[in-house]
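As provided, query.txt (compact mmCIF, C-alpha atoms) reads as follows.
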# COMPACT_ATOMS: atom_id res chain seq x y z
CA MET Z 937 32.35 -51.29 -73.63
CA SER Z 938 32.40 -47.69 -72.49
CA THR Z 939 35.47 -45.72 -73.54
CA ILE Z 940 36.75 -42.45 -72.13
CA PHE Z 941 35.17 -40.72 -75.14
CA ASP Z 942 31.77 -42.19 -74.26
CA LYS Z 943 32.19 -40.71 -70.80
CA ILE Z 944 33.05 -37.35 -72.34
CA LEU Z 945 29.98 -37.55 -74.61
CA ASP Z 946 27.84 -38.44 -71.59
CA GLY Z 947 29.23 -35.51 -69.59
CA GLU Z 948 30.74 -37.84 -66.96
CA ILE Z 949 34.25 -36.58 -67.72
CA PRO Z 950 34.95 -32.94 -68.63
CA CYS Z 951 36.78 -31.93 -71.79
CA HIS Z 952 38.25 -28.77 -73.27
CA ARG Z 953 35.39 -28.41 -75.73
CA VAL Z 954 36.18 -26.65 -79.00
CA TYR Z 955 33.16 -27.42 -81.17
CA GLU Z 956 29.96 -29.43 -81.02
CA ASP Z 957 27.03 -30.06 -83.32
CA GLU Z 958 24.36 -32.73 -83.70
CA HIS Z 959 26.82 -35.31 -85.02
CA VAL Z 960 30.30 -34.51 -83.71
CA LEU Z 961 32.31 -33.18 -80.79
CA ALA Z 962 35.79 -31.62 -80.94
CA PHE Z 963 38.02 -31.05 -77.92
CA LEU Z 964 41.69 -30.61 -77.05
CA ASP Z 965 43.81 -33.75 -76.70
CA VAL Z 966 45.07 -33.85 -73.10
CA GLY Z 967 48.25 -35.54 -74.33
CA PRO Z 968 49.08 -33.18 -77.20
CA LEU Z 969 51.85 -33.76 -79.73
CA SER Z 970 51.87 -30.00 -80.31
CA ARG Z 971 50.05 -26.84 -79.27
CA GLY Z 972 46.45 -26.97 -80.53
CA HIS Z 973 46.31 -30.76 -81.01
CA THR Z 974 42.56 -31.36 -81.28
CA LEU Z 975 40.40 -34.48 -81.41
CA LEU Z 976 37.23 -34.77 -83.48
CA ILE Z 977 34.85 -37.61 -82.63
CA PRO Z 978 31.43 -38.70 -83.90
CA LYS Z 979 28.55 -39.01 -81.45
CA GLU Z 980 27.83 -42.34 -83.11
CA ARG Z 981 29.61 -44.90 -80.98
CA LYS Z 982 31.79 -47.00 -83.25
CA ALA Z 983 35.34 -48.14 -82.64
CA GLN Z 984 36.71 -47.83 -86.17
CA ILE Z 985 35.87 -45.78 -89.19
CA HIS Z 986 34.83 -48.73 -91.39
CA GLU Z 987 32.00 -49.32 -88.87
CA LEU Z 988 30.70 -45.74 -89.02
CA SER Z 989 27.51 -44.85 -90.90
CA ASP Z 990 27.90 -42.81 -94.09
CA GLU Z 991 26.03 -39.96 -92.41
CA ALA Z 992 28.29 -39.80 -89.34
CA ALA Z 993 31.39 -40.06 -91.52
CA ALA Z 994 30.13 -37.26 -93.78
CA ALA Z 995 29.49 -35.08 -90.73
CA MET Z 996 33.07 -35.71 -89.58
CA GLY Z 997 34.42 -34.76 -93.00
CA ARG Z 998 32.21 -31.70 -93.27
CA VAL Z 999 33.60 -30.05 -90.15
CA LEU Z 1000 37.29 -30.75 -90.83
CA PRO Z 1001 37.95 -27.65 -93.00
CA ARG Z 1002 36.30 -25.32 -90.47
CA LEU Z 1003 38.15 -26.87 -87.53
CA ALA Z 1004 41.45 -26.76 -89.38
CA ARG Z 1005 40.96 -23.07 -90.22
CA ALA Z 1006 40.24 -22.33 -86.55
CA ILE Z 1007 43.34 -24.21 -85.43
CA LEU Z 1008 45.53 -22.35 -87.92
CA ALA Z 1009 44.03 -19.00 -86.86
CA ALA Z 1010 44.29 -19.67 -83.13
CA THR Z 1011 47.79 -21.16 -83.12
CA GLY Z 1012 49.57 -19.44 -86.00
CA ALA Z 1013 50.59 -22.87 -87.32
CA THR Z 1014 50.86 -23.15 -91.10
CA ALA Z 1015 51.08 -26.93 -91.46
CA TYR Z 1016 49.19 -29.79 -89.85
CA ASN Z 1017 48.42 -33.48 -90.06
CA VAL Z 1018 45.02 -35.15 -89.84
CA LEU Z 1019 45.35 -38.71 -88.55
CA GLN Z 1020 42.82 -41.41 -87.75
CA ASN Z 1021 44.05 -44.78 -86.42
CA ASN Z 1022 42.08 -48.02 -86.60
CA GLY Z 1023 43.16 -51.01 -84.54
CA GLY Z 1024 45.81 -51.50 -81.90
CA ALA Z 1025 48.39 -52.49 -84.53
CA ALA Z 1026 47.80 -49.07 -86.12
CA SER Z 1027 48.33 -47.23 -82.80
CA GLN Z 1028 44.67 -46.76 -81.90
CA VAL Z 1029 44.36 -46.40 -78.13
CA VAL Z 1030 40.76 -45.31 -77.44
CA GLU Z 1031 38.26 -47.55 -79.21
CA HIS Z 1032 35.93 -44.82 -80.41
CA VAL Z 1033 36.53 -43.29 -83.86
CA HIS Z 1034 38.63 -40.11 -83.63
CA PHE Z 1035 40.49 -37.80 -85.95
CA HIS Z 1036 43.61 -36.13 -84.60
CA ILE Z 1037 44.27 -32.65 -86.01
CA ILE Z 1038 47.90 -31.98 -85.15
CA PRO Z 1039 49.58 -28.65 -85.90
CA ARG Z 1040 53.14 -29.02 -87.15
CA TYR Z 1041 55.75 -26.65 -85.74
CA ALA Z 1042 59.51 -26.73 -86.25
CA SER Z 1043 60.09 -28.78 -83.12
CA SER Z 1044 56.76 -30.48 -82.38
CA GLY Z 1045 53.97 -32.33 -84.09
CA LEU Z 1046 53.41 -35.75 -85.57
CA GLY Z 1047 56.48 -37.71 -86.65
CA LEU Z 1048 56.07 -39.95 -89.68
CA VAL Z 1049 58.20 -42.90 -90.77
CA TRP Z 1050 57.65 -43.33 -94.50
CA LYS Z 1051 59.11 -46.52 -95.94
CA ALA Z 1052 57.60 -46.55 -99.42
CA SER Z 1053 57.95 -49.30 -101.98
CA LEU Z 1054 57.08 -49.30 -105.67
CA LEU Z 1055 53.67 -50.58 -106.76
CA ASP Z 1056 54.01 -53.68 -108.96
CA ALA Z 1057 51.66 -53.60 -111.98
CA ASP Z 1058 50.42 -57.21 -111.56
CA GLU Z 1059 49.83 -56.68 -107.87
CA ALA Z 1060 47.98 -53.45 -108.67
CA GLY Z 1061 45.68 -55.28 -111.07
CA ARG Z 1062 44.85 -57.93 -108.48
CA LEU Z 1063 44.27 -55.31 -105.79
CA VAL Z 1064 42.01 -53.14 -107.93
CA ALA Z 1065 39.94 -56.18 -108.92
CA GLY Z 1066 39.58 -57.22 -105.29
CA LEU Z 1067 38.74 -53.71 -104.11
CA ARG Z 1068 36.13 -53.12 -106.81
CA GLU Z 1069 34.53 -56.49 -106.07
CA ALA Z 1070 34.39 -55.66 -102.37
CA LEU Z 1071 32.86 -52.25 -103.10
CA ALA Z 1072 30.27 -53.80 -105.43
CA GLN Z 1073 29.23 -56.25 -102.72
CA ASP Z 1074 29.10 -53.67 -99.89
CA MET G 200 49.47 -24.87 -110.70
CA SER G 201 48.63 -28.31 -112.07
CA THR G 202 49.58 -31.22 -109.83
CA ILE G 203 49.91 -34.88 -110.76
CA PHE G 204 46.45 -35.42 -109.23
CA ASP G 205 44.97 -32.80 -111.54
CA LYS G 206 46.45 -34.73 -114.45
CA ILE G 207 44.91 -37.94 -113.11
CA LEU G 208 41.53 -36.20 -112.74
CA ASP G 209 41.85 -34.88 -116.29
CA GLY G 210 42.70 -38.34 -117.64
CA GLU G 211 46.15 -37.20 -118.81
CA ILE G 212 47.88 -39.69 -116.51
CA PRO G 213 46.44 -43.16 -115.80
CA CYS G 214 45.75 -44.43 -112.30
CA HIS G 215 44.79 -47.71 -110.67
CA ARG G 216 41.22 -46.55 -110.11
CA VAL G 217 39.40 -48.07 -107.14
CA TYR G 218 36.33 -45.85 -106.76
CA GLU G 219 34.85 -42.75 -108.30
CA ASP G 220 31.74 -40.68 -107.78
CA GLU G 221 30.62 -37.12 -108.51
CA HIS G 222 32.86 -35.65 -105.82
CA VAL G 223 35.82 -37.97 -105.22
CA LEU G 224 38.28 -40.37 -106.82
CA ALA G 225 40.18 -43.18 -105.09
CA PHE G 226 43.17 -44.99 -106.59
CA LEU G 227 46.19 -47.00 -105.48
CA ASP G 228 49.25 -45.10 -104.30
CA VAL G 229 52.10 -45.95 -106.68
CA GLY G 230 54.55 -45.60 -103.79
CA PRO G 231 52.71 -47.71 -101.21
CA LEU G 232 53.73 -48.02 -97.58
CA SER G 233 51.90 -51.36 -97.53
CA ARG G 234 49.77 -53.59 -99.73
CA GLY G 235 46.47 -51.84 -100.51
CA HIS G 236 47.68 -48.29 -99.72
CA THR G 237 44.97 -46.17 -101.33
CA LEU G 238 44.57 -42.45 -101.97
CA LEU G 239 41.25 -40.62 -101.81
CA ILE G 240 41.07 -37.17 -103.42
CA PRO G 241 38.30 -34.64 -103.97
CA LYS G 242 37.53 -33.46 -107.49
CA GLU G 243 37.49 -29.96 -106.05
CA ARG G 244 41.00 -28.64 -106.63
CA LYS G 245 42.32 -27.37 -103.33
CA ALA G 246 45.78 -27.87 -101.88
CA GLN G 247 44.86 -28.27 -98.21
CA ILE G 248 41.81 -29.43 -96.34
CA HIS G 249 41.13 -26.07 -94.66
CA GLU G 250 40.54 -24.67 -98.16
CA LEU G 251 38.02 -27.34 -99.15
CA SER G 252 34.27 -26.61 -99.31
CA ASP G 253 32.09 -28.22 -96.65
CA GLU G 254 30.37 -30.23 -99.37
CA ALA G 255 33.58 -31.67 -100.84
CA ALA G 256 34.90 -32.46 -97.35
CA ALA G 257 31.63 -34.18 -96.43
CA ALA G 258 31.82 -36.27 -99.63
CA MET G 259 35.37 -37.31 -98.68
CA GLY G 260 34.23 -38.31 -95.20
CA ARG G 261 31.16 -40.13 -96.47
CA VAL G 262 33.14 -42.58 -98.61
CA LEU G 263 35.83 -43.38 -96.03
CA PRO G 264 33.94 -46.19 -94.24
CA ARG G 265 33.05 -47.91 -97.51
CA LEU G 266 36.59 -47.65 -98.88
CA ALA G 267 38.05 -48.88 -95.60
CA ARG G 268 35.73 -51.90 -95.60
CA ALA G 269 36.78 -52.73 -99.17
CA ILE G 270 40.47 -52.44 -98.28
CA LEU G 271 40.06 -54.73 -95.27
CA ALA G 272 38.09 -57.24 -97.35
CA ALA G 273 40.49 -57.22 -100.29
CA THR G 274 43.74 -57.32 -98.32
CA GLY G 275 42.88 -59.24 -95.17
CA ALA G 276 44.37 -56.41 -93.11
CA THR G 277 42.75 -55.80 -89.73
CA ALA G 278 44.29 -52.44 -88.85
CA TYR G 279 44.89 -49.27 -90.86
CA ASN G 280 45.73 -45.59 -90.62
CA VAL G 281 43.98 -42.72 -92.36
CA LEU G 282 46.35 -39.79 -92.86
CA GLN G 283 45.98 -36.41 -94.50
CA ASN G 284 48.98 -34.05 -94.58
CA ASN G 285 48.75 -30.29 -95.05
CA GLY G 286 51.85 -28.28 -95.87
CA GLY G 287 55.41 -29.26 -96.70
CA ALA G 288 56.39 -29.10 -93.03
CA ALA G 289 53.72 -31.75 -92.39
CA SER G 290 55.08 -34.04 -95.15
CA GLN G 291 52.60 -33.06 -97.85
CA VAL G 292 54.16 -33.70 -101.26
CA VAL G 293 51.36 -33.31 -103.83
CA GLU G 294 49.50 -30.02 -103.35
CA HIS G 295 46.00 -31.40 -103.87
CA VAL G 296 44.04 -32.60 -100.82
CA HIS G 297 44.43 -36.36 -100.32
CA PHE G 298 43.67 -38.94 -97.66
CA HIS G 299 46.01 -41.89 -97.41
CA ILE G 300 44.35 -45.13 -96.30
CA ILE G 301 47.25 -47.34 -95.23
CA PRO G 302 46.74 -50.95 -94.12
CA ARG G 303 48.93 -51.93 -91.18
CA TYR G 304 50.62 -55.32 -91.31
CA ALA G 305 53.22 -56.74 -88.93
CA SER G 306 56.12 -55.50 -91.03
CA SER G 307 54.71 -52.69 -93.18
CA GLY G 308 52.49 -49.66 -92.94
CA LEU G 309 52.72 -46.15 -91.58
CA GLY G 310 55.27 -45.52 -88.84
CA LEU G 311 54.33 -42.96 -86.20
CA VAL G 312 56.59 -41.04 -83.83
CA TRP G 313 54.45 -39.98 -80.89
CA LYS G 314 56.10 -37.52 -78.51
CA ALA G 315 53.19 -36.45 -76.35
CA SER G 316 53.26 -33.80 -73.66
CA LEU G 317 50.71 -33.00 -70.99
CA LEU G 318 48.12 -30.30 -71.66
CA ASP G 319 48.51 -27.39 -69.25
CA ALA G 320 45.16 -26.11 -67.90
CA ASP G 321 45.94 -22.40 -68.45
CA GLU G 322 47.18 -23.08 -71.96
CA ALA G 323 44.04 -25.15 -72.62
CA GLY G 324 41.84 -22.25 -71.56
CA ARG G 325 43.64 -19.83 -73.85
CA LEU G 326 43.52 -22.29 -76.76
CA VAL G 327 39.82 -23.04 -76.38
CA ALA G 328 39.02 -19.32 -76.23
CA GLY G 329 41.05 -18.68 -79.37
CA LEU G 330 39.58 -21.66 -81.23
CA ARG G 331 35.99 -20.77 -80.36
CA GLU G 332 36.55 -17.16 -81.40
CA ALA G 333 38.03 -18.30 -84.71
CA LEU G 334 35.08 -20.65 -85.29
CA ALA G 335 32.58 -17.91 -84.48
CA GLN G 336 34.21 -15.59 -87.01
CA ASP G 337 34.50 -18.21 -89.79
Give the structure from the file, written as structure tokens.
Amino acid sequence: MSTIFDKILDGEIPCHRVYEDEHVLAFLDVGPLSRGHTLLIPKERKAQIHELSDEAAAAMGRVLPRLARAILAATGATAYNVLQNNGGAASQVVEHVHFHIIPRYASSGLGLVWKASLLDADEAGRLVAGLREALAQD
Amino acid sequence: MSTIFDKILDGEIPCHRVYEDEHVLAFLDVGPLSRGHTLLIPKERKAQIHELSDEAAAAMGRVLPRLARAILAATGATAYNVLQNNGGAASQVVEHVHFHIIPRYASSGLGLVWKASLLDADEAGRLVAGLREALAQD
């Protein structure tokens, strides 16, 4: 299924291009939460980050510091959130991996609702065992 | 200044270790937003992602797909958010770069407040010019 980001990658839809290299493309979000809200996408066409190749994911990570520095320099922002949603239940809208880089200003930016619990030790033991087993079998 | 994550890296404080390699460490968040909430940190000691070396940032990116797959497999979750906060105004608490990987379930996970605007074309032009200039000078 072709997403709007595929169409941007194919040049069928224009974008406000910020950065591009062999592996990634960065452009302004047309529905920004704040001034300078930028999207970073891989050229590899995967919906969610657990589907992405190690190489594409590394290329995404590699460019984040540089992009963040540019956003801070160009906007004057001093704080920002990096967000990447996977699945409709987690607020993903476009089904192509994307990182949001969202400057935080006094009155605009990403709002977070943080309802933390306390990690139970038994539960932690079970989780770590399950996670390590899954990693070993990957 | 030594953060709690430095103490974890130094072995002074225990953690529920999920994954470790030359560049990164992943462990359970002791104040989880949902079951399986995991933190991924670089061994490079920087407060915010714009300060991180390209290599450390690439290593963080590279392991994200694998960690996400393990979290989905171990928890049964099908949606999740990846979040990285920079600066107190952006809800950063521990001043050492960290990615949150937060499974989303029906009744727990990360809450987002999304107050989007519409990108103005003139503003977009100014932003892109500023961002490209900043990238060129980096």
Leaving out Ala328 (chain G) and any residue of its chain fewer than 3 positions from it, which residues lie within 10 Å of it when counting all atoms listed in the file, given as an mmCIF file with C-alpha atoms, in the coordinates of the input?
data_model
loop_
_atom_site.group_PDB
_atom_site.id
_atom_site.type_symbol
_atom_site.label_atom_id
_atom_site.label_comp_id
_atom_site.auth_asym_id
_atom_site.auth_seq_id
_atom_site.Cartn_x
_atom_site.Cartn_y
_atom_site.Cartn_z
ATOM 1 C CA HIS Z 952 38.250 -28.770 -73.270
ATOM 2 C CA ARG Z 953 35.390 -28.410 -75.730
ATOM 3 C CA VAL Z 954 36.180 -26.650 -79.000
ATOM 4 C CA ALA Z 1010 44.290 -19.670 -83.130
ATOM 5 C CA GLU G 322 47.180 -23.080 -71.960
ATOM 6 C CA ALA G 323 44.040 -25.150 -72.620
ATOM 7 C CA GLY G 324 41.840 -22.250 -71.560
ATOM 8 C CA ARG G 325 43.640 -19.830 -73.850
ATOM 9 C CA ARG G 331 35.990 -20.770 -80.360
ATOM 10 C CA GLU G 332 36.550 -17.160 -81.400
ATOM 11 C CA ALA G 333 38.030 -18.300 -84.710
ATOM 12 C CA LEU G 334 35.080 -20.650 -85.290
#
Exercise. Any idea which chain Z residues end up within 6 Å of chain G if we count all atoms listed in the file, as a PyMOL selection string please?
Worked result: chain Z and resi 954+966-969+985-986+990+993-994+997-998+1001+1004-1006+1010+1015-1023+1025-1026+1040+1047-1049+1051-1055+1064+1066-1067+1070-1071
Store the residues picked out above in a file with C-alpha atoms, as an mmCIF file, keeping the file's coordinate frame.
data_model
loop_
_atom_site.group_PDB
_atom_site.id
_atom_site.type_symbol
_atom_site.label_atom_id
_atom_site.label_comp_id
_atom_site.auth_asym_id
_atom_site.auth_seq_id
_atom_site.Cartn_x
_atom_site.Cartn_y
_atom_site.Cartn_z
ATOM 1 C CA VAL Z 954 36.180 -26.650 -79.000
ATOM 2 C CA VAL Z 966 45.070 -33.850 -73.100
ATOM 3 C CA GLY Z 967 48.250 -35.540 -74.330
ATOM 4 C CA PRO Z 968 49.080 -33.180 -77.200
ATOM 5 C CA LEU Z 969 51.850 -33.760 -79.730
ATOM 6 C CA ILE Z 985 35.870 -45.780 -89.190
ATOM 7 C CA HIS Z 986 34.830 -48.730 -91.390
ATOM 8 C CA ASP Z 990 27.900 -42.810 -94.090
ATOM 9 C CA ALA Z 993 31.390 -40.060 -91.520
ATOM 10 C CA ALA Z 994 30.130 -37.260 -93.780
ATOM 11 C CA GLY Z 997 34.420 -34.760 -93.000
ATOM 12 C CA ARG Z 998 32.210 -31.700 -93.270
ATOM 13 C CA PRO Z 1001 37.950 -27.650 -93.000
ATOM 14 C CA ALA Z 1004 41.450 -26.760 -89.380
ATOM 15 C CA ARG Z 1005 40.960 -23.070 -90.220
ATOM 16 C CA ALA Z 1006 40.240 -22.330 -86.550
ATOM 17 C CA ALA Z 1010 44.290 -19.670 -83.130
ATOM 18 C CA ALA Z 1015 51.080 -26.930 -91.460
ATOM 19 C CA TYR Z 1016 49.190 -29.790 -89.850
ATOM 20 C CA ASN Z 1017 48.420 -33.480 -90.060
ATOM 21 C CA VAL Z 1018 45.020 -35.150 -89.840
ATOM 22 C CA LEU Z 1019 45.350 -38.710 -88.550
ATOM 23 C CA GLN Z 1020 42.820 -41.410 -87.750
ATOM 24 C CA ASN Z 1021 44.050 -44.780 -86.420
ATOM 25 C CA ASN Z 1022 42.080 -48.020 -86.600
ATOM 26 C CA GLY Z 1023 43.160 -51.010 -84.540
ATOM 27 C CA ALA Z 1025 48.390 -52.490 -84.530
ATOM 28 C CA ALA Z 1026 47.800 -49.070 -86.120
ATOM 29 C CA ARG Z 1040 53.140 -29.020 -87.150
ATOM 30 C CA GLY Z 1047 56.480 -37.710 -86.650
ATOM 31 C CA LEU Z 1048 56.070 -39.950 -89.680
ATOM 32 C CA VAL Z 1049 58.200 -42.900 -90.770
ATOM 33 C CA LYS Z 1051 59.110 -46.520 -95.940
ATOM 34 C CA ALA Z 1052 57.600 -46.550 -99.420
ATOM 35 C CA SER Z 1053 57.950 -49.300 -101.980
ATOM 36 C CA LEU Z 1054 57.080 -49.300 -105.670
ATOM 37 C CA LEU Z 1055 53.670 -50.580 -106.760
ATOM 38 C CA VAL Z 1064 42.010 -53.140 -107.930
ATOM 39 C CA GLY Z 1066 39.580 -57.220 -105.290
ATOM 40 C CA LEU Z 1067 38.740 -53.710 -104.110
ATOM 41 C CA ALA Z 1070 34.390 -55.660 -102.370
ATOM 42 C CA LEU Z 1071 32.860 -52.250 -103.100
#
For this session: For CA of Ile944 (chain Z) and CA of Ala962 (chain Z), quote the distance in Å rounded to one decimal.
Result: 10.7 Å
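CA of Asp321 (chain G) sits 25.0 Å away from CA of Asp942 (chain Z).
The space between CA of Val296 (chain G) and CA of Ile240 (chain G) spans 6.0 Å.
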Any chance you could model N, CA and C atoms for region 298-321 of chain G and send them as a compact mmCIF listing (two decimals), in the frame of the given file?
# COMPACT_ATOMS: atom_id res chain seq x y z
N PHE G 298 43.62 -38.02 -98.80
CA PHE G 298 43.67 -38.94 -97.66
C PHE G 298 44.43 -40.18 -98.09
N HIS G 299 45.40 -40.57 -97.27
CA HIS G 299 46.01 -41.89 -97.41
C HIS G 299 45.21 -42.87 -96.56
N ILE G 300 44.89 -44.03 -97.11
CA ILE G 300 44.35 -45.13 -96.30
C ILE G 300 45.40 -46.24 -96.38
N ILE G 301 46.03 -46.53 -95.25
CA ILE G 301 47.25 -47.34 -95.23
C ILE G 301 47.05 -48.55 -94.33
N PRO G 302 46.86 -49.74 -94.95
CA PRO G 302 46.74 -50.95 -94.12
C PRO G 302 48.00 -51.14 -93.28
N ARG G 303 47.81 -51.65 -92.07
CA ARG G 303 48.93 -51.93 -91.18
C ARG G 303 49.11 -53.45 -91.09
N TYR G 304 50.27 -53.91 -91.48
CA TYR G 304 50.62 -55.32 -91.31
C TYR G 304 51.76 -55.38 -90.30
N ALA G 305 52.16 -56.59 -89.94
CA ALA G 305 53.22 -56.74 -88.93
C ALA G 305 54.47 -55.98 -89.34
N SER G 306 54.82 -56.06 -90.63
CA SER G 306 56.12 -55.50 -91.03
C SER G 306 56.01 -54.35 -92.01
N SER G 307 54.82 -53.85 -92.28
CA SER G 307 54.71 -52.69 -93.18
C SER G 307 53.49 -51.86 -92.83
N GLY G 308 53.56 -50.60 -93.24
CA GLY G 308 52.49 -49.66 -92.94
C GLY G 308 53.10 -48.32 -92.56
N LEU G 309 52.29 -47.48 -91.98
CA LEU G 309 52.72 -46.15 -91.58
C LEU G 309 53.42 -46.23 -90.22
N GLY G 310 54.60 -45.63 -90.12
CA GLY G 310 55.27 -45.52 -88.84
C GLY G 310 54.97 -44.17 -88.20
N LEU G 311 54.67 -44.19 -86.91
CA LEU G 311 54.33 -42.96 -86.20
C LEU G 311 55.34 -42.71 -85.09
N VAL G 312 55.73 -41.45 -84.94
CA VAL G 312 56.59 -41.04 -83.83
C VAL G 312 55.74 -40.13 -82.94
N TRP G 313 55.46 -40.59 -81.74
CA TRP G 313 54.45 -39.98 -80.89
C TRP G 313 55.10 -39.42 -79.63
N LYS G 314 55.45 -38.14 -79.67
CA LYS G 314 56.10 -37.52 -78.51
C LYS G 314 55.11 -36.60 -77.83
N ALA G 315 54.28 -37.20 -76.97
CA ALA G 315 53.19 -36.45 -76.35
C ALA G 315 53.68 -35.67 -75.14
N SER G 316 53.03 -34.56 -74.89
CA SER G 316 53.26 -33.80 -73.66
C SER G 316 51.98 -33.86 -72.83
N LEU G 317 51.93 -33.07 -71.78
CA LEU G 317 50.71 -33.00 -70.99
C LEU G 317 50.09 -31.63 -71.18
N LEU G 318 48.78 -31.58 -71.42
CA LEU G 318 48.12 -30.30 -71.66
C LEU G 318 48.05 -29.50 -70.36
N ASP G 319 48.57 -28.30 -70.39
CA ASP G 319 48.51 -27.39 -69.25
C ASP G 319 47.14 -26.72 -69.21
N ALA G 320 46.54 -26.61 -68.03
CA ALA G 320 45.16 -26.11 -67.90
C ALA G 320 45.03 -24.66 -68.37
N ASP G 321 45.99 -23.81 -68.02
CA ASP G 321 45.94 -22.40 -68.45
C ASP G 321 46.04 -22.31 -69.97
